[in-house]
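*Asks:* For reference, this is run20.tsv, and it has TSV, C-alpha atoms.
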```tsv
chain	number	residue	atom	x	y	z
Q	1	MET	CA	-10.85	-102.64	-102.40
Q	2	LYS	CA	-13.08	-100.83	-104.84
Q	3	ARG	CA	-10.19	-98.56	-105.75
Q	4	VAL	CA	-7.89	-101.54	-106.50
Q	5	PHE	CA	-10.55	-103.21	-108.63
Q	6	PHE	CA	-11.14	-99.96	-110.53
Q	7	LEU	CA	-7.39	-99.50	-111.17
Q	8	LEU	CA	-7.09	-103.09	-112.41
Q	9	LEU	CA	-10.05	-102.57	-114.72
Q	10	VAL	CA	-8.58	-99.35	-116.13
Q	11	ALA	CA	-5.16	-100.96	-116.59
Q	12	SER	CA	-6.70	-103.97	-118.36
Q	13	PHE	CA	-8.71	-101.71	-120.65
Q	14	ALA	CA	-5.60	-99.66	-121.47
Q	15	LEU	CA	-3.62	-102.80	-122.35
Q	16	ILE	CA	-6.37	-104.23	-124.54
Q	17	THR	CA	-6.97	-101.04	-126.49
Q	18	SER	CA	-3.26	-100.43	-127.04
Q	19	CYS	CA	-2.73	-103.79	-128.74
Q	20	ASP	CA	-2.25	-103.46	-132.47
Q	21	ILE	CA	-3.51	-106.57	-134.22
Q	22	ASP	CA	-3.13	-105.13	-137.74
Q	23	ASP	CA	-0.41	-107.17	-139.39
Q	24	ASP	CA	-0.18	-104.82	-142.39
Q	25	VAL	CA	-0.60	-107.63	-144.92
Q	26	ASN	CA	-2.23	-106.38	-148.09
Q	27	TYR	CA	-3.91	-108.96	-150.28
Q	28	HIS	CA	-6.62	-109.38	-152.85
Q	29	PHE	CA	-8.61	-112.28	-154.25
Q	30	GLU	CA	-8.05	-113.47	-157.79
Q	31	ALA	CA	-9.53	-116.16	-160.02
Q	32	LEU	CA	-7.10	-119.00	-160.78
Q	33	GLN	CA	-7.13	-120.79	-164.13
Q	34	VAL	CA	-8.57	-124.30	-164.18
Q	35	LYS	CA	-6.41	-126.70	-166.22
Q	36	SER	CA	-8.40	-129.95	-165.91
Q	37	VAL	CA	-11.18	-131.58	-163.93
Q	38	GLU	CA	-11.81	-135.18	-162.85
Q	39	MET	CA	-15.52	-135.97	-162.67
Q	40	PRO	CA	-17.53	-139.18	-162.85
Q	41	GLU	CA	-19.11	-140.18	-166.16
Q	42	ALA	CA	-22.53	-140.07	-164.47
Q	43	PHE	CA	-24.03	-139.08	-161.15
Q	44	ASP	CA	-26.43	-141.05	-158.97
Q	45	TYR	CA	-29.31	-138.98	-157.66
Q	46	GLY	CA	-28.89	-138.02	-153.99
Q	47	GLN	CA	-25.20	-138.93	-153.78
Q	48	ILE	CA	-22.24	-136.71	-152.86
Q	49	TYR	CA	-19.18	-136.68	-155.12
Q	50	ARG	CA	-15.66	-135.37	-154.59
Q	51	ILE	CA	-14.65	-133.33	-157.66
Q	52	LYS	CA	-10.90	-133.01	-158.30
Q	53	VAL	CA	-9.77	-129.76	-159.98
Q	54	THR	CA	-6.28	-129.01	-161.29
Q	55	TYR	CA	-5.58	-125.27	-161.28
Q	56	PHE	CA	-2.61	-123.03	-162.08
Q	57	ARG	CA	-0.81	-121.18	-159.27
Q	58	PRO	CA	1.20	-118.38	-160.97
Q	59	ASN	CA	3.75	-117.74	-158.18
Q	60	ASN	CA	4.60	-118.29	-154.51
Q	61	CYS	CA	2.61	-115.21	-153.43
Q	62	THR	CA	-0.67	-116.79	-154.54
Q	63	PHE	CA	-2.48	-119.24	-152.27
Q	64	PHE	CA	-5.55	-121.40	-152.82
Q	65	GLU	CA	-8.57	-119.98	-151.00
Q	66	GLY	CA	-11.48	-122.12	-152.21
Q	67	PHE	CA	-14.12	-122.46	-154.89
Q	68	ASP	CA	-16.89	-120.10	-155.86
Q	69	VAL	CA	-19.73	-122.30	-157.15
Q	70	VAL	CA	-22.61	-120.27	-158.59
Q	71	LYS	CA	-25.96	-121.76	-159.55
Q	72	GLU	CA	-26.72	-120.21	-162.96
Q	73	ASP	CA	-29.74	-122.41	-163.72
Q	74	VAL	CA	-31.44	-125.41	-162.09
Q	75	THR	CA	-28.60	-127.78	-163.04
Q	76	THR	CA	-25.96	-125.39	-164.40
Q	77	ARG	CA	-23.04	-124.48	-162.14
Q	78	LYS	CA	-20.25	-121.97	-162.81
Q	79	VAL	CA	-17.13	-122.91	-160.85
Q	80	VAL	CA	-14.26	-120.48	-160.27
Q	81	THR	CA	-11.12	-121.37	-158.32
Q	82	ILE	CA	-10.23	-118.49	-155.98
Q	83	GLY	CA	-6.76	-117.56	-154.79
Q	84	THR	CA	-5.43	-115.02	-152.31
Q	85	VAL	CA	-2.58	-112.90	-153.71
Q	86	ILE	CA	-0.24	-111.28	-151.17
Q	87	GLU	CA	0.62	-107.76	-152.32
Q	88	ASP	CA	3.77	-105.76	-151.61
Q	89	GLU	CA	5.82	-108.93	-151.50
Q	90	ASP	CA	9.28	-108.48	-153.04
Q	91	GLU	CA	10.02	-112.14	-153.53
Q	92	CYS	CA	7.15	-113.45	-155.66
Q	93	THR	CA	9.03	-116.07	-157.60
Q	94	GLY	CA	8.40	-119.20	-159.53
Q	95	ALA	CA	7.26	-119.88	-163.03
Q	96	GLY	CA	4.00	-121.22	-161.67
Q	97	GLU	CA	2.77	-124.70	-161.00
Q	98	ASP	CA	-0.29	-126.87	-161.41
Q	99	LEU	CA	-1.90	-127.90	-158.11
Q	100	VAL	CA	-4.95	-129.99	-157.21
Q	101	ALA	CA	-7.88	-129.13	-154.94
Q	102	THR	CA	-11.23	-130.82	-154.38
Q	103	PHE	CA	-14.78	-129.89	-153.48
Q	104	ASN	CA	-17.82	-131.96	-152.62
Q	105	PHE	CA	-20.92	-131.83	-154.81
Q	106	GLU	CA	-24.34	-133.20	-153.87
Q	107	VAL	CA	-26.68	-134.27	-156.66
Q	108	LEU	CA	-30.06	-132.72	-155.87
Q	109	TYR	CA	-31.81	-133.03	-159.25
Q	110	ASP	CA	-32.42	-135.96	-161.58
Q	111	GLN	CA	-31.53	-133.94	-164.71
Q	112	PRO	CA	-28.06	-133.70	-166.36
Q	113	TYR	CA	-25.72	-131.14	-164.79
Q	114	LEU	CA	-23.66	-128.65	-166.80
Q	115	PHE	CA	-20.47	-127.48	-165.08
Q	116	ARG	CA	-18.67	-124.41	-166.43
Q	117	TYR	CA	-15.11	-124.14	-165.02
Q	118	TRP	CA	-13.38	-120.78	-165.51
Q	119	THR	CA	-10.17	-121.26	-167.53
Q	120	GLY	CA	-9.13	-117.65	-168.14
Q	121	GLU	CA	-9.88	-114.99	-170.70
Q	122	ASP	CA	-9.65	-114.91	-174.48
Q	123	ALA	CA	-7.87	-112.25	-176.57
Q	124	ASN	CA	-10.87	-109.92	-176.19
Q	125	GLY	CA	-10.90	-110.22	-172.40
Q	126	GLU	CA	-13.99	-112.43	-172.40
Q	127	PRO	CA	-14.12	-115.31	-169.89
Q	128	THR	CA	-13.52	-118.82	-171.20
Q	129	TYR	CA	-14.86	-122.00	-169.66
Q	130	LEU	CA	-14.27	-125.73	-169.69
Q	131	GLU	CA	-17.81	-127.13	-169.98
Q	132	ILE	CA	-18.63	-130.63	-168.77
Q	133	THR	CA	-22.08	-132.20	-168.83
Q	134	VAL	CA	-22.71	-135.08	-166.42
Q	135	PRO	CA	-25.90	-137.14	-166.77
Q	136	VAL	CA	-27.79	-138.35	-163.71
Q	137	ASN	CA	-28.69	-142.03	-163.51
Q	138	GLU	CA	-32.32	-142.86	-163.01
Q	139	ASP	CA	-33.41	-143.44	-159.43
Q	140	SER	CA	-32.54	-147.02	-158.63
Q	141	SER	CA	-33.87	-146.88	-155.06
Q	142	ALA	CA	-37.44	-147.67	-156.11
Q	143	ILE	CA	-37.81	-151.42	-156.47
Q	144	VAL	CA	-40.94	-152.84	-158.07
Q	145	LEU	CA	-41.98	-156.16	-156.53
Q	146	PRO	CA	-44.36	-158.68	-158.04
Q	147	ALA	CA	-48.06	-157.95	-157.86
Q	148	ASN	CA	-49.96	-159.02	-154.75
Q	149	GLU	CA	-53.23	-161.00	-154.69
Q	150	ASN	CA	-55.41	-158.14	-155.92
Q	151	GLY	CA	-53.12	-157.46	-158.93
Q	152	SER	CA	-51.58	-154.18	-157.72
Q	153	ALA	CA	-47.82	-153.73	-157.80
Q	154	ILE	CA	-45.91	-153.00	-154.62
Q	155	ILE	CA	-43.32	-150.22	-154.81
Q	156	LYS	CA	-40.66	-150.16	-152.14
Q	157	ASN	CA	-38.43	-147.09	-151.61
```
The structure given in the file should be rewritten as structure tokens.
*Replies:*
Amino acid sequence: MKRVFFLLLVASFALITSCDIDDDVNYHFEALQVKSVEMPEAFDYGQIYRIKVTYFRPNNCTFFEGFDVVKEDVTTRKVVTIGTVIEDEDECTGAGEDLVATFNFEVLYDQPYLFRYWTGEDANGEPTYLEITVPVNEDSSAIVLPANENGSAIIKN
């Protein structure tokens, strides 16, 4: 019985180690140009907003991967749309198309936010950005009620 178990274990190990899971797909990540952004005119402190971004997909070998959102300062965010580009593909066609993706953003500070969306590079190879500043509305959750008998105000959060 021990011999059978040992042979099954060896056979299982041989099968697992002989499996080739490498699919030989070569790819790299690439920044995709932002064309436009839909954002609210103002944020409310503590709320979560869905930001809609229109980006350019250059061909059918490029696929949306996500967003790289980098905190550059307390309320400054650099946003880059990231794509996966399949290499060694013979049939990368298409003149390109504009597509839409979204990300969620939570307002954590009561100061205006500056968003810098990567739009490409200028003639000198320097990055260019679409900059949008969004103010944050004052906290409306604190309600001041009339004064009580001793003249002090009551604040309710």
*Asks:* Counting all atoms listed in the file, what is within 8 Å of segment 86-97 of chain Q, bar same-chain residues fewer than 5 positions away, as a list in words?
*Replies:*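 My list of contacting residues is Val25, Asn26, Tyr27, His28, Phe56, Arg57, Pro58, Asn59, Asn60, Cys61 and Thr62 of chain Q.
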*Asks:* Quote the spacing between atom CA of Tyr49 of chain Q and atom CA of Phe105 of chain Q in Å to one decimal place.
*Replies:*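 Rounded to one decimal, the two atoms are 5.2 Å apart.
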*Asks:* So, counting all atoms listed in the file, which residue among Q:Thr128, Q:Thr54, Q:Thr75, Q:Gln33 is closest to Val107 of chain Q?
*Replies:* Q:Thr75
*Asks:* Considering all atoms listed in the file, can you say which of Q:Glu41, Q:Lys35, Q:Pro112, Q:Ala123 comes closest to Thr81 of chain Q?
*Replies:*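 When distances to Thr81 of chain Q are compared using all atoms listed in the file, the smallest one comes from Q:Lys35.
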*Asks:* Figure out the distance between atom CA of Val53 of chain Q and atom CA of Tyr109 of chain Q, please, to one decimal in Å.
*Replies:*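 Computing it gives 22.3 Å between the two atoms.
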*Asks:* Counting all atoms listed in the file, select every polymer residue within 10 Å of (-6.4, -118.9, -160.1) as defined in the file's coordinates, and provide the selection as an MDAnalysis selection string.
*Replies:* chainID Q and resid 29:35 55:58 62:67 80:85 118:120
*Asks:* Calculate how many Å separate atom CA of Thr76 of chain Q from atom CA of Phe43 of chain Q, rounding to one decimal.
*Replies:*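 Separation of atom CA of Thr76 of chain Q and atom CA of Phe43 of chain Q: 14.2 Å.
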*Asks:* With distances taken over all atoms listed in the file, which of Q:Asp24, Q:Ile51, Q:Asp44, Q:Ile132 is nearest to Tyr113 of chain Q?
*Replies:*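 Distance minimum relative to Tyr113 of chain Q lands on Q:Ile132.
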*Asks:* With only C-alpha atoms as the atoms that count, which of Q:Asn124, Q:Asn137, Q:Asn104, Q:Gln111 lies nearest to Val69 of chain Q?
*Replies:*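 The shortest atom-to-atom distance to Val69 of chain Q comes from Q:Asn104.
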*Asks:* Quick one: residues within 10 Å of Gly46 of chain Q, all atoms listed in the file, excluding same-chain residues fewer than 4 positions away - as a PDB file with C-alpha atoms, in the frame of the given file?
*Replies:*
```
ATOM      1  CA  GLU Q 106     -24.340-133.200-153.870  1.00  0.00           C
ATOM      2  CA  VAL Q 107     -26.680-134.270-156.660  1.00  0.00           C
ATOM      3  CA  LEU Q 108     -30.060-132.720-155.870  1.00  0.00           C
ATOM      4  CA  TYR Q 109     -31.810-133.030-159.250  1.00  0.00           C
ATOM      5  CA  ASP Q 110     -32.420-135.960-161.580  1.00  0.00           C
ATOM      6  CA  VAL Q 136     -27.790-138.350-163.710  1.00  0.00           C
ATOM      7  CA  ASP Q 139     -33.410-143.440-159.430  1.00  0.00           C
TER       8      ASP Q 139
END
```
*Asks:* Skip Val79 of chain Q itself and residues of its chain fewer than 4 positions away, then list as a PyMOL selection string all residues within 6 Å of it, counting all atoms listed in the file.
*Replies:* chain Q and resi 68-69+116-117
*Asks:* Could you save the residues just selected, with C-alpha atoms, as an mmCIF file, keeping the file's coordinate frame?
*Replies:*
```cif
data_model
loop_
_atom_site.group_PDB
_atom_site.id
_atom_site.type_symbol
_atom_site.label_atom_id
_atom_site.label_comp_id
_atom_site.auth_asym_id
_atom_site.auth_seq_id
_atom_site.Cartn_x
_atom_site.Cartn_y
_atom_site.Cartn_z
ATOM 1 C CA ASP Q 68 -16.890 -120.100 -155.860
ATOM 2 C CA VAL Q 69 -19.730 -122.300 -157.150
ATOM 3 C CA ARG Q 116 -18.670 -124.410 -166.430
ATOM 4 C CA TYR Q 117 -15.110 -124.140 -165.020
#
```
*Asks:* Starting from the incomplete input, reconstruct N, CA, C and O atoms of segment 27-52 of chain Q and write that as a PDB file, in the coordinates of the input.
*Replies:*
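Contents of the output file selection-v3.pdb:
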```
ATOM      1  N   TYR Q  27      -3.629-107.853-149.380  1.00  0.00           N
ATOM      2  CA  TYR Q  27      -3.910-108.960-150.280  1.00  0.00           C
ATOM      3  C   TYR Q  27      -5.188-108.658-151.057  1.00  0.00           C
ATOM      4  O   TYR Q  27      -5.966-107.775-150.715  1.00  0.00           O
ATOM      5  N   HIS Q  28      -5.376-109.430-152.107  1.00  0.00           N
ATOM      6  CA  HIS Q  28      -6.620-109.380-152.850  1.00  0.00           C
ATOM      7  C   HIS Q  28      -6.939-110.786-153.351  1.00  0.00           C
ATOM      8  O   HIS Q  28      -6.069-111.657-153.376  1.00  0.00           O
ATOM      9  N   PHE Q  29      -8.191-110.991-153.727  1.00  0.00           N
ATOM     10  CA  PHE Q  29      -8.610-112.280-154.250  1.00  0.00           C
ATOM     11  C   PHE Q  29      -8.541-112.248-155.769  1.00  0.00           C
ATOM     12  O   PHE Q  29      -8.802-111.218-156.388  1.00  0.00           O
ATOM     13  N   GLU Q  30      -8.212-113.386-156.342  1.00  0.00           N
ATOM     14  CA  GLU Q  30      -8.050-113.470-157.790  1.00  0.00           C
ATOM     15  C   GLU Q  30      -8.501-114.841-158.266  1.00  0.00           C
ATOM     16  O   GLU Q  30      -8.285-115.850-157.576  1.00  0.00           O
ATOM     17  N   ALA Q  31      -9.133-114.887-159.429  1.00  0.00           N
ATOM     18  CA  ALA Q  31      -9.530-116.160-160.020  1.00  0.00           C
ATOM     19  C   ALA Q  31      -8.282-116.873-160.547  1.00  0.00           C
ATOM     20  O   ALA Q  31      -7.398-116.249-161.127  1.00  0.00           O
ATOM     21  N   LEU Q  32      -8.224-118.177-160.314  1.00  0.00           N
ATOM     22  CA  LEU Q  32      -7.100-119.000-160.780  1.00  0.00           C
ATOM     23  C   LEU Q  32      -7.576-119.890-161.916  1.00  0.00           C
ATOM     24  O   LEU Q  32      -8.666-120.461-161.844  1.00  0.00           O
ATOM     25  N   GLN Q  33      -6.753-120.024-162.949  1.00  0.00           N
ATOM     26  CA  GLN Q  33      -7.130-120.790-164.130  1.00  0.00           C
ATOM     27  C   GLN Q  33      -7.261-122.280-163.835  1.00  0.00           C
ATOM     28  O   GLN Q  33      -6.365-122.882-163.244  1.00  0.00           O
ATOM     29  N   VAL Q  34      -8.372-122.859-164.278  1.00  0.00           N
ATOM     30  CA  VAL Q  34      -8.570-124.300-164.180  1.00  0.00           C
ATOM     31  C   VAL Q  34      -7.906-124.946-165.402  1.00  0.00           C
ATOM     32  O   VAL Q  34      -8.096-124.511-166.530  1.00  0.00           O
ATOM     33  N   LYS Q  35      -7.105-125.979-165.155  1.00  0.00           N
ATOM     34  CA  LYS Q  35      -6.410-126.700-166.220  1.00  0.00           C
ATOM     35  C   LYS Q  35      -7.150-127.971-166.615  1.00  0.00           C
ATOM     36  O   LYS Q  35      -7.237-128.305-167.792  1.00  0.00           O
ATOM     37  N   SER Q  36      -7.650-128.721-165.623  1.00  0.00           N
ATOM     38  CA  SER Q  36      -8.400-129.950-165.910  1.00  0.00           C
ATOM     39  C   SER Q  36      -9.276-130.288-164.716  1.00  0.00           C
ATOM     40  O   SER Q  36      -9.076-129.768-163.614  1.00  0.00           O
ATOM     41  N   VAL Q  37     -10.238-131.185-164.959  1.00  0.00           N
ATOM     42  CA  VAL Q  37     -11.180-131.580-163.930  1.00  0.00           C
ATOM     43  C   VAL Q  37     -11.421-133.083-164.040  1.00  0.00           C
ATOM     44  O   VAL Q  37     -11.547-133.612-165.137  1.00  0.00           O
ATOM     45  N   GLU Q  38     -11.456-133.763-162.896  1.00  0.00           N
ATOM     46  CA  GLU Q  38     -11.810-135.180-162.850  1.00  0.00           C
ATOM     47  C   GLU Q  38     -13.202-135.307-162.259  1.00  0.00           C
ATOM     48  O   GLU Q  38     -13.415-134.979-161.095  1.00  0.00           O
ATOM     49  N   MET Q  39     -14.131-135.793-163.097  1.00  0.00           N
ATOM     50  CA  MET Q  39     -15.520-135.970-162.670  1.00  0.00           C
ATOM     51  C   MET Q  39     -15.986-137.354-163.102  1.00  0.00           C
ATOM     52  O   MET Q  39     -15.462-137.918-164.057  1.00  0.00           O
ATOM     53  N   PRO Q  40     -16.993-137.891-162.419  1.00  0.00           N
ATOM     54  CA  PRO Q  40     -17.530-139.180-162.850  1.00  0.00           C
ATOM     55  C   PRO Q  40     -18.245-139.056-164.197  1.00  0.00           C
ATOM     56  O   PRO Q  40     -18.659-137.962-164.584  1.00  0.00           O
ATOM     57  N   GLU Q  41     -18.397-140.186-164.874  1.00  0.00           N
ATOM     58  CA  GLU Q  41     -19.110-140.180-166.160  1.00  0.00           C
ATOM     59  C   GLU Q  41     -20.592-139.922-165.959  1.00  0.00           C
ATOM     60  O   GLU Q  41     -21.265-139.406-166.846  1.00  0.00           O
ATOM     61  N   ALA Q  42     -21.121-140.300-164.797  1.00  0.00           N
ATOM     62  CA  ALA Q  42     -22.530-140.070-164.470  1.00  0.00           C
ATOM     63  C   ALA Q  42     -22.665-139.944-162.963  1.00  0.00           C
ATOM     64  O   ALA Q  42     -21.852-140.465-162.203  1.00  0.00           O
ATOM     65  N   PHE Q  43     -23.703-139.225-162.559  1.00  0.00           N
ATOM     66  CA  PHE Q  43     -24.030-139.080-161.150  1.00  0.00           C
ATOM     67  C   PHE Q  43     -25.180-140.020-160.793  1.00  0.00           C
ATOM     68  O   PHE Q  43     -26.006-140.345-161.641  1.00  0.00           O
ATOM     69  N   ASP Q  44     -25.256-140.393-159.521  1.00  0.00           N
ATOM     70  CA  ASP Q  44     -26.430-141.050-158.970  1.00  0.00           C
ATOM     71  C   ASP Q  44     -27.172-140.027-158.137  1.00  0.00           C
ATOM     72  O   ASP Q  44     -26.570-139.334-157.305  1.00  0.00           O
ATOM     73  N   TYR Q  45     -28.474-139.938-158.362  1.00  0.00           N
ATOM     74  CA  TYR Q  45     -29.310-138.980-157.660  1.00  0.00           C
ATOM     75  C   TYR Q  45     -29.162-139.148-156.143  1.00  0.00           C
ATOM     76  O   TYR Q  45     -29.186-140.244-155.619  1.00  0.00           O
ATOM     77  N   GLY Q  46     -28.970-138.023-155.436  1.00  0.00           N
ATOM     78  CA  GLY Q  46     -28.890-138.020-153.990  1.00  0.00           C
ATOM     79  C   GLY Q  46     -27.515-138.309-153.416  1.00  0.00           C
ATOM     80  O   GLY Q  46     -27.325-138.256-152.209  1.00  0.00           O
ATOM     81  N   GLN Q  47     -26.537-138.593-154.257  1.00  0.00           N
ATOM     82  CA  GLN Q  47     -25.200-138.930-153.780  1.00  0.00           C
ATOM     83  C   GLN Q  47     -24.319-137.682-153.709  1.00  0.00           C
ATOM     84  O   GLN Q  47     -24.601-136.664-154.340  1.00  0.00           O
ATOM     85  N   ILE Q  48     -23.221-137.789-152.965  1.00  0.00           N
ATOM     86  CA  ILE Q  48     -22.240-136.710-152.860  1.00  0.00           C
ATOM     87  C   ILE Q  48     -20.955-137.189-153.526  1.00  0.00           C
ATOM     88  O   ILE Q  48     -20.499-138.307-153.275  1.00  0.00           O
ATOM     89  N   TYR Q  49     -20.385-136.336-154.366  1.00  0.00           N
ATOM     90  CA  TYR Q  49     -19.180-136.680-155.120  1.00  0.00           C
ATOM     91  C   TYR Q  49     -18.061-135.700-154.803  1.00  0.00           C
ATOM     92  O   TYR Q  49     -18.299-134.504-154.626  1.00  0.00           O
ATOM     93  N   ARG Q  50     -16.850-136.207-154.769  1.00  0.00           N
ATOM     94  CA  ARG Q  50     -15.660-135.370-154.590  1.00  0.00           C
ATOM     95  C   ARG Q  50     -15.126-135.068-155.998  1.00  0.00           C
ATOM     96  O   ARG Q  50     -14.754-135.973-156.736  1.00  0.00           O
ATOM     97  N   ILE Q  51     -15.099-133.785-156.344  1.00  0.00           N
ATOM     98  CA  ILE Q  51     -14.650-133.330-157.660  1.00  0.00           C
ATOM     99  C   ILE Q  51     -13.211-132.839-157.522  1.00  0.00           C
ATOM    100  O   ILE Q  51     -12.924-131.986-156.681  1.00  0.00           O
ATOM    101  N   LYS Q  52     -12.320-133.368-158.357  1.00  0.00           N
ATOM    102  CA  LYS Q  52     -10.900-133.010-158.300  1.00  0.00           C
ATOM    103  C   LYS Q  52     -10.594-132.000-159.424  1.00  0.00           C
ATOM    104  O   LYS Q  52     -10.847-132.270-160.596  1.00  0.00           O
TER     105      LYS Q  52
END
```
